[in-house]
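Colleague: Pasting a structure here, questions to come.
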Amino acid sequence: MEWVKENINNIPSMSPFLDHVNIIDQNIFSNPTLCVETCKALIEGICKTILTNKNIDISSSISFSALVQEAIISTLNTEEMYRSDILDLARRIAGVADKLGFIRNNTGFVSHGMDVLNPRLTETLSIFACKITDTIGGFILRCYNNNRVINIDHRIHYEDCKPFNDFFDEINPLPFELSASKALIEQDYEAYKESYIDYLNSLSIEIEMAGIVNEQ
């Protein structure tokens, strides 16, 4: 699960999902059924968190594959040169994720209260599920993190905004090593969010201008 962990470390608000990763890693061989079940829960949790951050409504009846596909679509850069090809791959990946969800729903020992003698999954399947989860989860998290500057979230997490926090604290120094950014988000979330969006828009303009200069 190295790709998922690498990207979670770049998005601090996602750190609770490291508990899922630890369960997966620790149960690949000792409890394959729990491993596969947690793989499905991890992908589902990542997708729902990202879609909620982006204020995209999630139907309670949405299928697992549709959830994964929606998360991938929401995190891709709209200017991506091969966006249509990636979206086609996303539909195929969502199908793989859906099969993982189907297996979990039919054998999930923990969440579905299966009989103790219900057949358990094998380590072959748990290893495969682990690799699939690392690929799908890692890809979604990487796209999400890389494109947040130009595809700004509706719900902002303070811990994910360190560059802005440092910038804001530097231009608004407070005595006794107090944090102006922390004070702002605690007292007026909407004002913090507005300042953060202005900061990202400035960065986006700088990136665009740098690209124009490099092309000349």
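Naming works like this for the structure tokens: A, B, ... for the chains as they're shown, residue 1 at the start of each chain, ligands 1 onward in shown order.
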With a distance cut-off of 8 Å and only C-alpha atoms, select the neighbouring residues of Pro32 of chain A, excluding the residue or stretch itself and same-chain residues fewer than 2 positions from it, and output the selection as a list in words.
Modeller: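 Result of the neighbour search: Asn27, Ile28, Phe29, Ser30, Leu34, Cys35, Val36, Arg120, Leu121, Thr122, Glu123, Leu125 and Ser126 of chain A.
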Colleague: Need the shell around Asn172 of chain A: protein/DNA/RNA residues with any atom at most 12 Å away, counting only C-alpha atoms. Skip same-chain ones fewer than 5 positions apart. Format as a list in words?
Modeller: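 Everything that qualifies: Phe164, Asn165, Asp166, Phe167, Glu177, Leu178, Ser179, Ala180, Ser181, Lys182, Ala183 and Leu184 of chain A.
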Colleague: Output C-alpha atoms for every residue in that selection, as a short mmCIF file (atom, residue, chain, number, x, y, z; two decimals), in the first residue's frame.
Modeller:
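Result file is selection26.cif:
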data_model
loop_
_atom_site.label_atom_id
_atom_site.label_comp_id
_atom_site.auth_asym_id
_atom_site.auth_seq_id
_atom_site.Cartn_x
_atom_site.Cartn_y
_atom_site.Cartn_z
CA PHE A 164 -1.10 29.13 2.59
CA ASN A 165 -1.06 29.03 6.39
CA ASP A 166 2.66 29.82 6.45
CA PHE A 167 2.16 32.63 3.91
CA GLU A 177 4.04 32.92 18.29
CA LEU A 178 0.28 32.82 17.75
CA SER A 179 -0.97 31.74 14.32
CA ALA A 180 -3.06 34.25 12.40
CA SER A 181 -4.29 31.56 10.00
CA LYS A 182 -5.37 29.29 12.85
CA ALA A 183 -7.14 32.16 14.57
CA LEU A 184 -8.91 33.11 11.35
#
Colleague: Give me, as a ChimeraX atom specification, the residues of segment 17-215 of chain A that a backbone DSSP run labels helix (DSSP H, G or I).
Modeller: /A:17-27,32-53,64-75,83-107,123-146,158-160,162-171,175-177,180-187,189-215
Colleague: Using only C-alpha atoms, determine which residues lie at most 12 Å from Thr75 of chain A, disregarding the query and same-chain residues fewer than 3 positions distant; provide the list as a compact mmCIF listing (two decimals) with all heavy atoms, in the first residue's frame.
Modeller:
# COMPACT_ATOMS: atom_id res chain seq x y z
N ILE A 46 -12.24 7.02 0.76
CA ILE A 46 -11.47 8.04 0.03
C ILE A 46 -12.37 8.75 -0.97
O ILE A 46 -12.37 9.99 -1.05
CB ILE A 46 -10.27 7.39 -0.69
CG1 ILE A 46 -9.21 6.96 0.32
CG2 ILE A 46 -9.67 8.35 -1.72
CD1 ILE A 46 -8.08 6.13 -0.28
N CYS A 47 -13.14 7.99 -1.73
CA CYS A 47 -14.01 8.59 -2.75
C CYS A 47 -15.07 9.49 -2.12
O CYS A 47 -15.31 10.61 -2.59
CB CYS A 47 -14.69 7.49 -3.57
SG CYS A 47 -13.57 6.55 -4.63
N THR A 49 -15.01 11.00 0.78
CA THR A 49 -14.39 12.20 1.38
C THR A 49 -14.08 13.24 0.32
O THR A 49 -14.37 14.43 0.49
CB THR A 49 -13.10 11.82 2.13
OG1 THR A 49 -13.42 10.90 3.19
CG2 THR A 49 -12.44 13.05 2.73
N ILE A 50 -13.50 12.81 -0.79
CA ILE A 50 -13.16 13.73 -1.86
C ILE A 50 -14.41 14.37 -2.45
O ILE A 50 -14.47 15.59 -2.67
CB ILE A 50 -12.35 13.01 -2.95
CG1 ILE A 50 -10.94 12.68 -2.43
CG2 ILE A 50 -12.26 13.85 -4.22
CD1 ILE A 50 -10.11 11.84 -3.37
N LEU A 51 -15.42 13.58 -2.72
CA LEU A 51 -16.65 14.11 -3.30
C LEU A 51 -17.36 15.07 -2.34
O LEU A 51 -17.92 16.09 -2.77
CB LEU A 51 -17.59 12.97 -3.70
CG LEU A 51 -17.09 12.10 -4.86
CD1 LEU A 51 -18.00 10.90 -5.08
CD2 LEU A 51 -16.98 12.92 -6.15
N ASN A 53 -15.74 16.87 -0.07
CA ASN A 53 -14.90 18.07 -0.10
C ASN A 53 -15.26 18.96 -1.29
O ASN A 53 -15.17 20.19 -1.21
CB ASN A 53 -13.43 17.69 -0.19
CG ASN A 53 -12.87 17.17 1.12
OD1 ASN A 53 -13.51 17.27 2.17
ND2 ASN A 53 -11.68 16.60 1.07
N LYS A 54 -15.64 18.34 -2.38
CA LYS A 54 -15.96 19.08 -3.60
C LYS A 54 -17.44 19.44 -3.71
O LYS A 54 -17.89 19.95 -4.73
CB LYS A 54 -15.51 18.27 -4.82
CG LYS A 54 -13.99 18.11 -4.90
CD LYS A 54 -13.56 17.41 -6.16
CE LYS A 54 -12.04 17.42 -6.26
NZ LYS A 54 -11.49 18.79 -6.32
N ILE A 56 -20.01 17.57 -4.04
CA ILE A 56 -20.72 16.77 -5.06
C ILE A 56 -21.65 15.80 -4.33
O ILE A 56 -21.22 15.00 -3.51
CB ILE A 56 -19.73 16.00 -5.94
CG1 ILE A 56 -18.84 16.98 -6.71
CG2 ILE A 56 -20.47 15.07 -6.90
CD1 ILE A 56 -17.73 16.32 -7.50
N VAL A 68 -16.57 5.29 -7.56
CA VAL A 68 -15.16 5.37 -7.96
C VAL A 68 -15.01 6.22 -9.20
O VAL A 68 -14.13 7.09 -9.29
CB VAL A 68 -14.57 3.96 -8.19
CG1 VAL A 68 -13.17 4.06 -8.78
CG2 VAL A 68 -14.55 3.18 -6.88
N GLN A 69 -15.86 6.00 -10.18
CA GLN A 69 -15.78 6.75 -11.44
C GLN A 69 -16.02 8.24 -11.19
O GLN A 69 -15.32 9.09 -11.73
CB GLN A 69 -16.81 6.22 -12.42
CG GLN A 69 -16.71 6.84 -13.81
CD GLN A 69 -17.65 6.17 -14.81
OE1 GLN A 69 -18.01 5.02 -14.65
NE2 GLN A 69 -18.05 6.90 -15.81
N GLU A 70 -16.98 8.56 -10.34
CA GLU A 70 -17.29 9.96 -10.04
C GLU A 70 -16.12 10.64 -9.34
O GLU A 70 -15.79 11.80 -9.62
CB GLU A 70 -18.54 10.04 -9.15
CG GLU A 70 -19.09 11.43 -8.95
CD GLU A 70 -19.68 12.02 -10.22
OE1 GLU A 70 -20.21 11.26 -11.03
OE2 GLU A 70 -19.59 13.26 -10.38
N ALA A 71 -15.46 9.91 -8.46
CA ALA A 71 -14.31 10.47 -7.75
C ALA A 71 -13.16 10.75 -8.73
O ALA A 71 -12.50 11.79 -8.63
CB ALA A 71 -13.85 9.52 -6.65
N ILE A 72 -12.92 9.83 -9.64
CA ILE A 72 -11.85 10.02 -10.62
C ILE A 72 -12.15 11.22 -11.52
O ILE A 72 -11.29 12.06 -11.77
CB ILE A 72 -11.64 8.75 -11.46
CG1 ILE A 72 -11.10 7.61 -10.58
CG2 ILE A 72 -10.67 9.02 -12.61
CD1 ILE A 72 -10.99 6.27 -11.29
N THR A 78 -9.18 19.36 -15.83
CA THR A 78 -10.02 19.53 -17.02
C THR A 78 -9.19 19.81 -18.27
O THR A 78 -9.67 19.63 -19.39
CB THR A 78 -11.03 20.67 -16.82
OG1 THR A 78 -10.32 21.87 -16.47
CG2 THR A 78 -12.02 20.34 -15.70
N GLU A 79 -7.95 20.26 -18.08
CA GLU A 79 -7.07 20.54 -19.21
C GLU A 79 -6.16 19.37 -19.55
O GLU A 79 -5.29 19.50 -20.42
CB GLU A 79 -6.21 21.77 -18.89
CG GLU A 79 -7.00 23.03 -18.58
CD GLU A 79 -7.90 23.45 -19.72
OE1 GLU A 79 -7.46 23.32 -20.88
OE2 GLU A 79 -9.04 23.88 -19.46
N GLU A 80 -6.35 18.24 -18.89
CA GLU A 80 -5.53 17.06 -19.15
C GLU A 80 -5.62 16.67 -20.62
O GLU A 80 -6.72 16.48 -21.17
CB GLU A 80 -5.99 15.91 -18.25
CG GLU A 80 -5.46 14.54 -18.63
CD GLU A 80 -3.96 14.43 -18.49
OE1 GLU A 80 -3.43 14.85 -17.44
OE2 GLU A 80 -3.33 13.91 -19.43
N ARG A 83 -7.47 13.38 -21.28
CA ARG A 83 -8.54 13.24 -20.30
C ARG A 83 -9.57 12.18 -20.73
O ARG A 83 -10.00 11.37 -19.92
CB ARG A 83 -9.23 14.58 -20.07
CG ARG A 83 -10.14 14.59 -18.83
CD ARG A 83 -10.60 16.01 -18.49
NE ARG A 83 -11.19 16.07 -17.18
CZ ARG A 83 -12.46 15.85 -16.93
NH1 ARG A 83 -13.28 15.54 -17.93
NH2 ARG A 83 -12.94 15.93 -15.70
N ILE A 86 -8.16 8.78 -20.21
CA ILE A 86 -8.08 8.46 -18.79
C ILE A 86 -9.46 8.14 -18.23
O ILE A 86 -9.62 7.22 -17.42
CB ILE A 86 -7.42 9.62 -18.01
CG1 ILE A 86 -5.96 9.76 -18.44
CG2 ILE A 86 -7.50 9.36 -16.50
CD1 ILE A 86 -5.25 10.96 -17.83
N LEU A 87 -10.47 8.89 -18.68
CA LEU A 87 -11.83 8.63 -18.21
C LEU A 87 -12.31 7.25 -18.68
O LEU A 87 -13.05 6.57 -17.95
CB LEU A 87 -12.78 9.72 -18.70
CG LEU A 87 -12.58 11.09 -18.07
CD1 LEU A 87 -13.56 12.10 -18.66
CD2 LEU A 87 -12.75 11.01 -16.56
N ALA A 90 -10.77 4.98 -16.45
CA ALA A 90 -11.44 5.10 -15.16
C ALA A 90 -12.68 4.23 -15.09
O ALA A 90 -12.98 3.61 -14.07
CB ALA A 90 -11.80 6.56 -14.89
N PHE A 139 -3.96 6.40 -7.19
CA PHE A 139 -4.21 7.24 -8.37
C PHE A 139 -5.19 8.36 -8.05
O PHE A 139 -4.95 9.53 -8.40
CB PHE A 139 -4.77 6.38 -9.51
CG PHE A 139 -5.17 7.16 -10.73
CD1 PHE A 139 -4.20 7.72 -11.55
CD2 PHE A 139 -6.50 7.36 -11.04
CE1 PHE A 139 -4.56 8.46 -12.68
CE2 PHE A 139 -6.87 8.09 -12.17
CZ PHE A 139 -5.90 8.63 -12.98
N ILE A 140 -6.29 8.04 -7.38
CA ILE A 140 -7.30 9.06 -7.05
C ILE A 140 -6.70 10.11 -6.13
O ILE A 140 -6.89 11.32 -6.34
CB ILE A 140 -8.53 8.40 -6.39
CG1 ILE A 140 -9.27 7.53 -7.41
CG2 ILE A 140 -9.47 9.47 -5.83
CD1 ILE A 140 -10.42 6.72 -6.81
N LEU A 141 -5.97 9.69 -5.12
CA LEU A 141 -5.37 10.64 -4.17
C LEU A 141 -4.33 11.52 -4.84
O LEU A 141 -4.23 12.72 -4.55
CB LEU A 141 -4.74 9.89 -3.00
CG LEU A 141 -5.71 9.25 -2.00
CD1 LEU A 141 -4.96 8.32 -1.05
CD2 LEU A 141 -6.45 10.32 -1.21
N ARG A 142 -3.54 10.94 -5.75
CA ARG A 142 -2.53 11.74 -6.44
C ARG A 142 -3.17 12.80 -7.33
O ARG A 142 -2.75 13.97 -7.32
CB ARG A 142 -1.63 10.83 -7.29
CG ARG A 142 -0.46 11.58 -7.94
CD ARG A 142 0.39 10.67 -8.81
NE ARG A 142 1.57 11.38 -9.31
CZ ARG A 142 1.55 12.24 -10.34
NH1 ARG A 142 0.40 12.49 -10.96
NH2 ARG A 142 2.66 12.85 -10.73
N CYS A 143 -4.17 12.41 -8.11
CA CYS A 143 -4.87 13.38 -8.95
C CYS A 143 -5.52 14.46 -8.09
O CYS A 143 -5.46 15.65 -8.42
CB CYS A 143 -5.94 12.68 -9.79
SG CYS A 143 -5.29 11.64 -11.12
N TYR A 144 -6.12 14.05 -7.01
CA TYR A 144 -6.79 15.00 -6.11
C TYR A 144 -5.81 16.01 -5.55
O TYR A 144 -6.05 17.22 -5.59
CB TYR A 144 -7.45 14.23 -4.97
CG TYR A 144 -8.04 15.10 -3.88
CD1 TYR A 144 -9.10 15.95 -4.15
CD2 TYR A 144 -7.53 15.06 -2.58
CE1 TYR A 144 -9.65 16.74 -3.15
CE2 TYR A 144 -8.07 15.85 -1.59
CZ TYR A 144 -9.12 16.69 -1.87
OH TYR A 144 -9.66 17.49 -0.88
N ASN A 145 -4.67 15.54 -5.08
CA ASN A 145 -3.68 16.42 -4.47
C ASN A 145 -3.04 17.34 -5.51
O ASN A 145 -2.85 18.54 -5.28
CB ASN A 145 -2.60 15.60 -3.77
CG ASN A 145 -1.66 16.44 -2.94
OD1 ASN A 145 -2.10 17.32 -2.20
ND2 ASN A 145 -0.37 16.20 -3.05
N ASN A 146 -2.72 16.80 -6.67
CA ASN A 146 -2.02 17.58 -7.70
C ASN A 146 -2.88 18.67 -8.32
O ASN A 146 -2.36 19.69 -8.78
CB ASN A 146 -1.52 16.65 -8.81
CG ASN A 146 -0.30 15.86 -8.40
OD1 ASN A 146 0.22 16.03 -7.31
ND2 ASN A 146 0.16 14.99 -9.27
N ASN A 147 -4.19 18.48 -8.34
CA ASN A 147 -5.06 19.41 -9.05
C ASN A 147 -5.88 20.32 -8.15
O ASN A 147 -6.75 21.05 -8.62
CB ASN A 147 -6.01 18.62 -9.97
CG ASN A 147 -5.27 17.89 -11.07
OD1 ASN A 147 -4.29 18.40 -11.60
ND2 ASN A 147 -5.72 16.70 -11.40
N ARG A 148 -5.57 20.32 -6.84
CA ARG A 148 -6.37 21.15 -5.93
C ARG A 148 -6.14 22.64 -6.13
O ARG A 148 -6.98 23.46 -5.76
CB ARG A 148 -6.09 20.77 -4.47
CG ARG A 148 -6.88 19.55 -4.01
CD ARG A 148 -6.72 19.31 -2.55
NE ARG A 148 -5.33 19.02 -2.21
CZ ARG A 148 -4.83 19.20 -0.99
NH1 ARG A 148 -5.57 19.70 -0.04
NH2 ARG A 148 -3.58 18.90 -0.74
N VAL A 149 -4.99 23.01 -6.70
CA VAL A 149 -4.72 24.43 -6.93
C VAL A 149 -5.67 25.00 -7.97
O VAL A 149 -6.14 26.13 -7.86
CB VAL A 149 -3.26 24.65 -7.37
CG1 VAL A 149 -3.03 26.08 -7.80
CG2 VAL A 149 -2.31 24.29 -6.22
N ILE A 150 -5.98 24.23 -9.00
CA ILE A 150 -6.85 24.72 -10.07
C ILE A 150 -8.27 24.18 -9.95
O ILE A 150 -9.19 24.71 -10.59
CB ILE A 150 -6.28 24.34 -11.45
CG1 ILE A 150 -6.06 22.83 -11.55
CG2 ILE A 150 -4.99 25.07 -11.73
CD1 ILE A 150 -5.58 22.37 -12.90
N ASN A 151 -8.47 23.15 -9.15
CA ASN A 151 -9.80 22.58 -8.94
C ASN A 151 -10.09 22.64 -7.44
O ASN A 151 -9.98 21.66 -6.73
CB ASN A 151 -9.82 21.13 -9.46
CG ASN A 151 -11.22 20.56 -9.50
OD1 ASN A 151 -12.19 21.24 -9.21
ND2 ASN A 151 -11.33 19.29 -9.84
N ILE A 152 -10.46 23.82 -6.99
CA ILE A 152 -10.50 24.13 -5.57
C ILE A 152 -11.67 23.44 -4.87
O ILE A 152 -12.80 23.42 -5.37
CB ILE A 152 -10.59 25.65 -5.36
CG1 ILE A 152 -9.39 26.34 -6.03
CG2 ILE A 152 -10.62 26.00 -3.88
CD1 ILE A 152 -9.49 27.84 -6.09
N ASP A 153 -11.40 22.90 -3.69
CA ASP A 153 -12.43 22.22 -2.90
C ASP A 153 -13.45 23.20 -2.34
O ASP A 153 -13.16 24.37 -2.10
CB ASP A 153 -11.79 21.47 -1.73
CG ASP A 153 -11.04 20.23 -2.17
OD1 ASP A 153 -11.22 19.82 -3.33
OD2 ASP A 153 -10.28 19.68 -1.36
Colleague: Tell me which protein, DNA and RNA residues are within 10 Å of Met14 of chain A, counting only C-alpha atoms, leaving out same-chain ones fewer than 2 positions away, and put them as a list of chain:residue names.
Modeller: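 Returned residues: A:Lys5, A:Asn7, A:Ile8, A:Asn9, A:Asn10, A:Ile11, A:Pro12, A:Pro16, A:Phe17, A:Leu18, A:Gly45, A:Ile46, A:Thr49, A:Ile50, A:Leu141, A:His157, A:Glu159, A:Asp160.
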Colleague: Record the distance separating atom CA of Ile156 of chain A and atom CA of Tyr189 of chain A, expressed in Å with one decimal.
Modeller: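 These atoms are spaced 8.9 Å apart.
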Colleague: Work out how far atom CA of Cys130 of chain A is from atom CA of Gly101 of chain A, in Å to one decimal.
Modeller: 12.9 Å
Colleague: Counting only C-alpha atoms, figure out which residue out of A:Met81, A:Lys40, A:Cys161, A:Gln26 gets nearest to Leu67 of chain A.
Modeller: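 Once distances to Leu67 of chain A are computed over only C-alpha atoms, the minimum belongs to A:Lys40.
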Colleague: Hey, what's within 12 Å of Phe64 of chain A if we count only C-alpha atoms and toss same-chain stuff fewer than 4 positions away? As a list of chain:residue names, please?
Modeller: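 Once the nearby chain positions are removed, what remains is A:Lys40, A:Ala41, A:Leu42, A:Ile43, A:Glu44, A:Gly45, A:Cys47, A:Lys48, A:Ile58, A:Ser59, A:Ser60, A:Val68, A:Gln69, A:Glu70, A:Ala71, A:Arg91, A:Ile93, A:Ala94, A:Gly95, A:Val96, A:Ala97, A:Asp98, A:Lys99, A:Leu100, A:Gly101, A:Phe102, A:Ile103, A:Arg104, A:Asn105.
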Colleague: Env of Glu2 of chain A: 10 Å cut, atoms = only C-alpha atoms, seq-sep filter 6 positions within chain, self excluded. Answer as an NGL selection string.
Modeller: :A and (8 or 21 or 131 or 134-135 or 138)
Colleague: What's the separation between atom CA of Asp19 of chain A and atom CA of Ile185 of chain A, in Å to one decimal place?
Modeller: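 For atom CA of Asp19 of chain A relative to atom CA of Ile185 of chain A, the distance reads 27.1 Å.
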